[in-house]
file upload_36.txt (compact mmCIF, C-alpha atoms)
# COMPACT_ATOMS: atom_id res chain seq x y z
CA MET U 1 83.03 132.58 99.48
CA THR U 2 85.69 131.17 101.80
CA GLU U 3 83.35 128.48 103.12
CA ARG U 4 82.44 127.38 99.59
CA SER U 5 86.10 127.14 98.64
CA ALA U 6 86.82 125.05 101.73
CA GLN U 7 84.06 122.60 100.84
CA ALA U 8 85.12 122.26 97.20
CA GLY U 9 87.12 119.19 96.14
CA PRO U 10 90.62 119.19 94.67
CA GLY U 11 91.11 121.17 91.52
CA PRO U 12 91.87 119.72 88.06
CA ALA U 13 95.61 120.22 88.46
CA SER U 14 95.62 118.39 91.81
CA ARG U 15 93.55 115.51 90.44
CA THR U 16 95.80 115.21 87.39
CA LEU U 17 98.94 115.16 89.52
CA ALA U 18 97.41 112.60 91.89
CA ALA U 19 96.38 110.38 88.96
CA PHE U 20 99.89 110.65 87.49
CA ILE U 21 101.51 109.71 90.81
CA PHE U 22 99.10 106.81 91.27
CA ALA U 23 99.80 105.56 87.73
CA SER U 24 103.54 105.59 88.46
CA ARG U 25 103.07 102.25 90.24
CA TRP U 26 103.13 100.62 86.79
CA LEU U 27 106.83 101.43 86.59
CA GLN U 28 107.30 98.41 88.89
CA ALA U 29 105.63 96.04 86.41
CA PRO U 30 108.82 95.61 84.29
CA LEU U 31 110.69 94.71 87.48
CA TYR U 32 108.37 91.78 88.11
CA LEU U 33 108.66 90.75 84.45
CA GLY U 34 112.43 90.72 84.97
CA LEU U 35 112.00 88.45 87.97
CA ILE U 36 109.97 86.08 85.79
CA ILE U 37 112.91 85.93 83.36
CA ALA U 38 115.22 85.26 86.31
CA GLN U 39 112.93 82.42 87.36
CA ALA U 40 113.18 80.95 83.86
CA VAL U 41 116.98 81.05 84.23
CA TYR U 42 116.67 79.10 87.49
CA VAL U 43 114.52 76.50 85.71
CA VAL U 44 117.32 76.01 83.18
CA LEU U 45 119.89 75.86 85.99
CA PHE U 46 117.82 73.23 87.80
CA PHE U 47 117.83 70.88 84.82
CA VAL U 48 121.54 71.50 84.24
CA GLU U 49 122.27 70.44 87.83
CA LEU U 50 119.94 67.47 87.48
CA TRP U 51 121.73 66.41 84.28
CA HIS U 52 125.11 66.67 86.02
CA LEU U 53 123.83 64.41 88.79
CA VAL U 54 122.52 61.80 86.36
CA GLU U 55 125.63 62.06 84.20
CA ASN U 56 127.93 61.49 87.18
CA VAL U 57 125.98 58.43 88.26
CA VAL U 58 125.84 56.96 84.75
CA ALA U 59 129.43 57.84 83.77
CA SER U 60 131.13 56.68 86.95
CA GLY U 61 128.78 53.82 87.68
CA HIS U 62 128.95 54.60 91.36
CA ILE U 63 128.71 57.73 93.44
CA SER U 64 128.92 58.26 97.17
CA GLU U 65 125.88 59.04 99.28
CA THR U 66 127.46 62.33 100.31
CA ASP U 67 127.84 63.46 96.70
CA VAL U 68 124.23 62.55 95.94
CA MET U 69 123.05 64.39 99.03
CA LEU U 70 125.02 67.52 98.09
CA SER U 71 123.61 67.42 94.55
CA VAL U 72 120.05 66.98 95.83
CA LEU U 73 120.52 69.84 98.30
CA ALA U 74 121.69 72.02 95.41
CA LEU U 75 118.48 71.15 93.55
CA ILE U 76 116.37 71.91 96.63
CA ASP U 77 118.21 75.21 96.99
CA ILE U 78 117.22 76.19 93.45
CA VAL U 79 113.58 75.20 94.11
CA MET U 80 113.48 77.27 97.32
CA ILE U 81 114.84 80.32 95.52
CA ALA U 82 112.24 79.80 92.75
CA ASN U 83 109.52 79.66 95.40
CA LEU U 84 110.85 82.91 96.87
CA LEU U 85 110.78 84.50 93.43
CA ILE U 86 107.17 83.50 92.72
CA MET U 87 106.14 84.80 96.14
CA VAL U 88 107.79 88.15 95.47
CA ILE U 89 106.34 88.34 91.95
CA ILE U 90 102.74 87.52 92.85
CA GLY U 91 102.63 89.12 96.30
CA GLY U 92 104.53 92.24 95.25
CA TYR U 93 102.45 92.79 92.13
CA GLU U 94 99.23 92.27 94.11
CA THR U 95 100.33 94.68 96.84
CA PHE U 96 102.08 97.46 94.96
CA VAL U 97 100.86 97.40 91.32
CA SER U 98 97.43 95.94 90.65
CA LYS U 99 95.03 93.32 91.93
CA ILE U 100 95.36 89.84 90.50
CA ARG U 101 91.75 88.80 89.98
CA VAL U 102 91.86 85.04 90.33
CA GLN U 103 89.01 84.61 92.82
CA GLY U 104 87.42 81.22 92.38
CA HIS U 105 90.38 79.73 90.51
CA HIS U 106 91.21 76.27 91.84
CA ASP U 107 94.94 77.13 91.91
CA GLU U 108 94.56 80.41 93.78
CA PRO U 109 97.15 80.58 96.62
CA GLU U 110 95.54 80.57 100.05
CA TRP U 111 97.58 83.56 101.24
CA LEU U 112 96.78 85.74 98.19
CA SER U 113 93.32 86.71 99.47
CA HIS U 114 94.75 88.49 102.53
CA VAL U 115 98.23 89.45 101.36
CA ASN U 116 99.72 92.70 102.68
CA THR U 117 103.16 94.16 103.20
CA ASN U 118 103.57 92.68 106.70
CA LEU U 119 102.49 89.20 105.63
CA LEU U 120 104.75 89.39 102.59
CA LYS U 121 107.73 90.37 104.75
CA VAL U 122 107.16 87.46 107.14
CA LYS U 123 106.81 84.93 104.32
CA LEU U 124 109.94 86.25 102.62
CA ALA U 125 111.85 86.04 105.90
CA VAL U 126 110.75 82.42 106.39
CA SER U 127 111.77 81.59 102.81
CA ILE U 128 115.19 83.16 103.34
CA ILE U 129 115.64 81.11 106.52
CA SER U 130 114.78 77.95 104.57
CA ILE U 131 117.34 78.80 101.88
CA SER U 132 119.94 79.59 104.53
CA SER U 133 119.19 76.26 106.23
CA ILE U 134 119.90 74.39 102.98
CA HIS U 135 123.25 76.18 102.57
CA LEU U 136 124.11 75.53 106.21
CA LEU U 137 123.28 71.84 105.86
CA LYS U 138 125.56 71.59 102.82
CA THR U 139 128.30 73.25 104.87
CA PHE U 140 127.84 70.81 107.75
CA ILE U 141 128.14 67.87 105.36
CA GLU U 142 131.37 69.25 103.91
CA VAL U 143 132.75 70.03 107.36
CA GLY U 144 132.84 66.29 108.07
CA ARG U 145 136.10 66.07 106.11
CA MET U 146 137.72 69.13 107.72
CA GLU U 147 141.43 68.84 108.49
CA ASN U 148 143.41 71.39 110.47
CA GLY U 149 140.43 73.73 110.53
CA VAL U 150 139.92 73.88 106.73
CA VAL U 151 138.16 71.94 103.97
CA ARG U 152 140.02 71.93 100.66
CA ASN U 153 138.93 71.30 97.08
CA ALA U 154 140.57 68.77 94.83
CA ASP U 155 142.90 71.49 93.53
CA GLY U 156 144.01 72.39 97.08
CA SER U 157 142.09 75.65 97.41
CA VAL U 158 140.24 76.30 100.67
CA LEU U 159 136.51 75.55 100.40
CA TYR U 160 135.49 76.04 104.05
CA SER U 161 137.30 77.22 107.16
CA TRP U 162 136.42 77.03 110.83
CA ASP U 163 135.76 80.76 111.19
CA GLY U 164 133.79 80.79 107.91
CA VAL U 165 131.46 78.09 109.23
CA MET U 166 131.05 80.02 112.48
CA TRP U 167 130.02 83.15 110.58
CA GLU U 168 127.52 81.14 108.52
CA VAL U 169 125.88 79.96 111.73
CA VAL U 170 125.82 83.51 113.13
CA ILE U 171 124.25 84.88 109.94
CA HIS U 172 121.64 82.09 109.97
CA LEU U 173 120.75 82.95 113.57
CA ALA U 174 120.47 86.61 112.56
CA PHE U 175 117.95 85.62 109.88
CA ILE U 176 115.92 83.71 112.47
CA VAL U 177 115.91 86.66 114.89
CA SER U 178 114.85 88.99 112.07
CA ALA U 179 111.96 86.69 111.10
CA ILE U 180 110.79 86.49 114.73
CA ALA U 181 110.95 90.28 115.00
CA LEU U 182 108.93 90.73 111.80
CA ALA U 183 106.31 88.22 112.97
CA TRP U 184 106.08 89.99 116.35
CA ILE U 185 105.69 93.39 114.66
CA ASP U 186 102.97 91.96 112.39
CA ARG U 187 101.13 90.53 115.39
CA MET U 188 101.39 93.81 117.30
CA SER U 189 100.10 95.80 114.32
CA GLN U 190 97.12 93.45 114.00
CA HIS U 191 96.45 93.79 117.74
CA HIS U 192 96.47 97.58 117.54
CA ALA U 193 94.28 97.53 114.43
CA THR U 194 91.78 95.30 116.23
CA GLY U 195 91.75 97.61 119.23
CA ALA U 196 91.28 100.68 117.04
CA ALA U 197 88.31 99.01 115.36
CA GLY U 198 86.56 98.57 118.69
CA GLY U 199 87.58 94.96 119.17
CA LEU U 200 86.27 93.88 115.77
CA SER U 201 87.99 90.73 114.58
CA VAL U 202 87.41 87.73 112.38
CA GLY U 203 86.58 85.62 115.42
CA ARG U 204 83.95 88.10 116.57
CA ILE U 205 82.40 88.23 113.10
CA GLU U 206 82.26 84.43 112.88
CA SER U 207 80.76 84.12 116.36
CA GLY U 208 78.21 86.78 115.46
CA LEU U 209 77.25 84.91 112.31
CA ARG U 210 76.88 81.67 114.25
CA GLY U 211 74.68 83.49 116.74
CA ASP U 212 72.54 84.86 113.91
CA GLU U 213 72.21 81.38 112.45
CA ALA U 214 71.15 79.97 115.82
CA ARG U 215 68.56 82.72 116.27
CA ALA U 216 67.30 82.12 112.75
CA GLU U 217 66.90 78.39 113.38
CA GLY U 218 65.21 79.00 116.75
CA SER U 219 62.73 81.44 115.29
CA ALA U 220 62.02 79.63 112.03
CA THR U 221 58.36 79.30 113.01
CA ALA U 222 58.12 83.07 113.27
CA GLY U 223 59.09 83.43 109.61
CA GLU U 224 62.82 84.18 110.04
CA LYS U 225 64.46 81.69 107.72
CA PHE U 226 67.56 83.44 106.46
CA VAL U 227 70.68 85.12 107.78
CA THR U 228 71.65 88.09 105.62
CA VAL U 229 75.38 88.75 105.29
CA ARG U 230 76.99 91.41 103.13
CA LEU U 231 80.16 90.36 101.32
CA PRO U 232 82.48 92.40 99.08
CA ALA U 233 81.83 92.11 95.36
CA GLY U 234 83.56 89.09 93.84
CA SER U 235 83.99 87.26 97.15
CA ARG U 236 83.43 83.53 97.35
CA LEU U 237 80.40 82.42 99.31
CA PRO U 238 80.96 80.30 102.43
CA GLU U 239 80.15 76.62 102.18
CA GLY U 240 76.40 76.05 102.35
CA ALA U 241 75.54 79.69 101.63
CA GLU U 242 73.37 80.80 98.73
CA VAL U 243 72.23 84.02 97.11
CA VAL U 244 68.59 84.74 97.96
CA PRO U 245 66.53 87.17 95.84
CA ASN U 246 65.12 90.19 97.63
CA ASP U 247 61.52 89.10 97.02
CA ARG U 248 62.11 86.06 99.29
call {"tool": "encode", "arguments": {"input": "upload_36.txt", "output": "structure tokens"}}
result
Amino acid sequence: MTERSAQAGPGPASRTLAAFIFASRWLQAPLYLGLIIAQAVYVVLFFVELWHLVENVVASGHISETDVMLSVLALIDIVMIANLLIMVIIGGYETFVSKIRVQGHHDEPEWLSHVNTNLLKVKLAVSIISISSIHLLKTFIEVGRMENGVVRNADGSVLYSWDGVMWEVVIHLAFIVSAIALAWIDRMSQHHATGAAGGLSVGRIESGLRGDEARAEGSATAGEKFVTVRLPAGSRLPEGAEVVPNDR
């Protein structure tokens, strides 16, 4: 009786609770919908900034190169944040909520087929560094007119200070160190996963397939004409591959 109970699967209550917990992932779906709305707000903000740039050029008839550069950097900053948002929306939904089945679509992102939490963290860190670089570049342009250690607005208020610029550089370097650490952790986790799988890796699989193809070509006269490879359902076939019926 004890042995039979040990071999039995989880009871109805356990399965119901597990299904309820697993379904709770859909609570994150409204969060990603909210990020889509935030992205729409950034689209509006982009065109507002673009209109201000065009309006200043048309109204004044002339505008300095520095002002144009600052306006363009502001536009690039908005685009970089929008890219970060779309990465979080698509990658986060794919990882934590449900699969996005776009296999075979010509606009499918290259990284979506192998997205995971580590890859998503690294890409987000790189995006944050890019955004920080844009802000730092804007600061460096403004610092060119620093007097007595401060940069003031037209109304006399302090826009930048020497110690503020120093802290911006320190924070930017902290972002870079964090991204390097995340990339190193991702590489180490992949290395350990490869070692745990007995040295199985993409390179070994590809070399094995090439070896099978070479053996198939060398023994074509003996009747071996095909290399059989099992792929997950829905996967795209490699270039030059074809589905062969079992009767062949």
call {"tool": "closest_residue", "arguments": {"input": "upload_36.txt", "among": "U:Val170, U:Val126, U:Val97, U:Ile134", "to": "Ala29 of chain U", "atoms": "only C-alpha atoms"}}
result
U:Val97
call {"tool": "closest_residue", "arguments": {"input": "upload_36.txt", "among": "U:Ala18, U:Val43, U:Leu33, U:Val165", "to": "Val88 of chain U", "atoms": "all atoms listed in the file"}}
result
U:Leu33
call {"tool": "atom_distance", "arguments": {"input": "upload_36.txt", "atom1": "atom CA of Gly164 of chain U", "atom2": "atom CA of Gly149 of chain U"}}
result
10.0 Å
call {"tool": "closest_residue", "arguments": {"input": "upload_36.txt", "among": "U:Leu136, U:Leu50, U:Val44, U:Val57", "to": "Ile171 of chain U", "atoms": "only C-alpha atoms"}}
result
U:Leu136
call {"tool": "closest_residue", "arguments": {"input": "upload_36.txt", "among": "U:Met87, U:Val177, U:Val58, U:Leu35", "to": "Leu119 of chain U", "atoms": "only C-alpha atoms"}}
result
U:Met87
call {"tool": "atom_distance", "arguments": {"input": "upload_36.txt", "atom1": "atom CA of Ala183 of chain U", "atom2": "atom CA of Val122 of chain U"}}
result
5.9 Å
call {"tool": "residues_near_point", "arguments": {"input": "upload_36.txt", "point": "(122.8, 75.5, 90.2)", "cutoff": "9 Å", "atoms": "all atoms listed in the file", "output": "CSV table (one decimal) with C-alpha atoms, keeping the file's coordinate frame"}}
result
chain,number,residue,atom,x,y,z
U,42,TYR,CA,116.7,79.1,87.5
U,44,VAL,CA,117.3,76.0,83.2
U,45,LEU,CA,119.9,75.9,86.0
U,46,PHE,CA,117.8,73.2,87.8
U,47,PHE,CA,117.8,70.9,84.8
U,48,VAL,CA,121.5,71.5,84.2
U,49,GLU,CA,122.3,70.4,87.8
U,50,LEU,CA,119.9,67.5,87.5
U,74,ALA,CA,121.7,72.0,95.4
U,75,LEU,CA,118.5,71.2,93.6
U,77,ASP,CA,118.2,75.2,97.0
U,78,ILE,CA,117.2,76.2,93.4
call {"tool": "closest_residue", "arguments": {"input": "upload_36.txt", "among": "U:Trp26, U:Glu108, U:Ile141, U:Arg15", "to": "Glu65 of chain U", "atoms": "all atoms listed in the file"}}
result
U:Ile141
call {"tool": "atom_distance", "arguments": {"input": "upload_36.txt", "atom1": "atom CA of Ile131 of chain U", "atom2": "atom CA of Val41 of chain U"}}
result
17.8 Å
